[in-house]
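To start, the structure under review is shown below, and the notes come after it.
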Amino acid sequence: MAMSFSCASSSFASIFTHNKSITFNFPSHSPPISTSSFLRLTAPSRLAIVPKLSQTETPSVESEAVAEALEFEPANETLAESEAKGEEVFAVVMVGGRQYIVFPGRFLYTQRLKDAKVDDKIILNKVLLVGTKTSTYIGKPVVPNAAVHAVVEEQGLDPKVVVFKYKKKKNYRRNIGHRQPNTRIRILGITGYQDSPASTLP
Amino acid sequence: MNKKEVFKLAKGFRGRAKNCIRIARERVEKALQYSYRDRRNKKRDMRSLWIERINAGTRVHGVNYGNFMHGLVKENIQLNRKVLSELSMHEPYSFKALVDVSRTAFPGNKNMTPAPKKEGLAILV
């Protein structure tokens, strides 16, 4: 039931409860990631609606309660607010020399990020465009202060590619296999783009 | 490579090339050469496909591809063609915003008239 409520936010909650003890890898100026903000939203003012939300509850219950709280109080400028907005945000981010269109809650494969361990929180700074349901923020070339938060899920290898070189009549054959290292990252949210909207729909 | 690997790579080949080792080996070697060459060609083909799509998307708004890209370059927008083509397909409002930005930066299309709309059976022509 909690899973059907909003799948993305429940997955966020499960990631966050798993990563509660992990500290930030990068000293970031961005607003704090949602574990603290979830608790901040639910603890002080919503006790009438969400009775007795303690910090040790199971992830499914926490996400349901948090989702209810978020609908009523989108007052804080954190990842929580982008969830409350309905998560209709996308961004174009540049990682590893390549550009990707990115949605919160989905994962993508990028070139291997060295010095990134599994379950590290990562902030991608080169955000070239952010789009919401009503407005588009076009970067020239980068949207100022925009950041995409992501978590490293896995550092693996691409499927094998056979590199076969052959020259006819010269007895030259080389058979080499190649697996390119990659990193799978899951996008948590997109923040910091609320300045200079280039165009807003009527 | 030994015969087992050759036959594994020869699945789906035509006639004796999937069953008889002498012929299969030749065909598999040729297939691997083609895949080496085509990994490089794929990058070219995809880029031209993206350009086609961007062209179609911008002409809907009365701007052709060349002027659109010139306007983006002038505005120092560094989105690549892959992302632009995907935006033109799936995010039409964002793409229209980009076309407007490009049009203000480089107004070059005073004479673009959209193709006349075909009615009825003329659509099939």
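As shown in the structure tokens, the chain order sets the letters A, B, ...; within each chain, residues go from 1, and ligands are also counted from 1 in the order they appear.
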Please report as a Markdown table every residue of chain A lying within 9 Å of chain B, along with the nearest atom pair and their distance in Å (one decimal), using only C-alpha atoms.
```
| residue | atom | partner | partner_atom | distance |
| --- | --- | --- | --- | --- |
| A:Val92 | CA | B:Val83 | CA | 7.7 |
| A:Arg98 | CA | B:Asn80 | CA | 8.8 |
| A:Gln99 | CA | B:Val83 | CA | 7.0 |
| A:Tyr100 | CA | B:Val83 | CA | 6.9 |
| A:Ile101 | CA | B:Val83 | CA | 6.9 |
| A:Leu128 | CA | B:Leu79 | CA | 6.8 |
| A:Leu129 | CA | B:Leu79 | CA | 8.2 |
| A:Val130 | CA | B:Ser94 | CA | 8.9 |
| A:Gly131 | CA | B:Ser94 | CA | 6.7 |
| A:Thr132 | CA | B:Ser94 | CA | 8.8 |
| A:Lys133 | CA | B:Tyr93 | CA | 8.9 |
| A:Thr134 | CA | B:Tyr93 | CA | 8.7 |
| A:Ser135 | CA | B:Ser94 | CA | 7.7 |
| A:Thr136 | CA | B:Ser94 | CA | 5.8 |
| A:Tyr137 | CA | B:Ser94 | CA | 8.7 |
| A:Ile138 | CA | B:Leu98 | CA | 7.6 |
| A:Gly139 | CA | B:Ile77 | CA | 6.5 |
| A:Lys140 | CA | B:Ile77 | CA | 5.0 |
| A:Pro141 | CA | B:Ile77 | CA | 4.8 |
| A:Val142 | CA | B:Ile77 | CA | 8.0 |
| A:Val162 | CA | B:Leu32 | CA | 7.5 |
| A:Val163 | CA | B:Tyr36 | CA | 6.3 |
| A:Phe164 | CA | B:Leu32 | CA | 5.9 |
| A:Lys165 | CA | B:Gln33 | CA | 6.5 |
| A:Tyr166 | CA | B:Gln33 | CA | 7.0 |
| A:Asn175 | CA | B:Met1 | CA | 8.5 |
| A:Ala198 | CA | B:Ala97 | CA | 7.6 |
| A:Ser199 | CA | B:Ala97 | CA | 6.3 |
| A:Thr200 | CA | B:Ala97 | CA | 8.6 |
| A:Leu201 | CA | B:Tyr93 | CA | 7.9 |
```
Exercise. In Å to one decimal, how far is atom CA of Asp115 of chain A from atom CA of Ile176 of chain A?
Worked result: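 We find that atom CA of Ile176 of chain A and atom CA of Asp115 of chain A lie 27.7 Å from each other.
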For this session: Give the alpha helix (DSSP H) residues of segment 2-120 of chain B, as assigned by DSSP on the backbone, as an MDAnalysis selection string.
Result: chainID B and resid 3:9 21:60 65:74 81:90 92:105
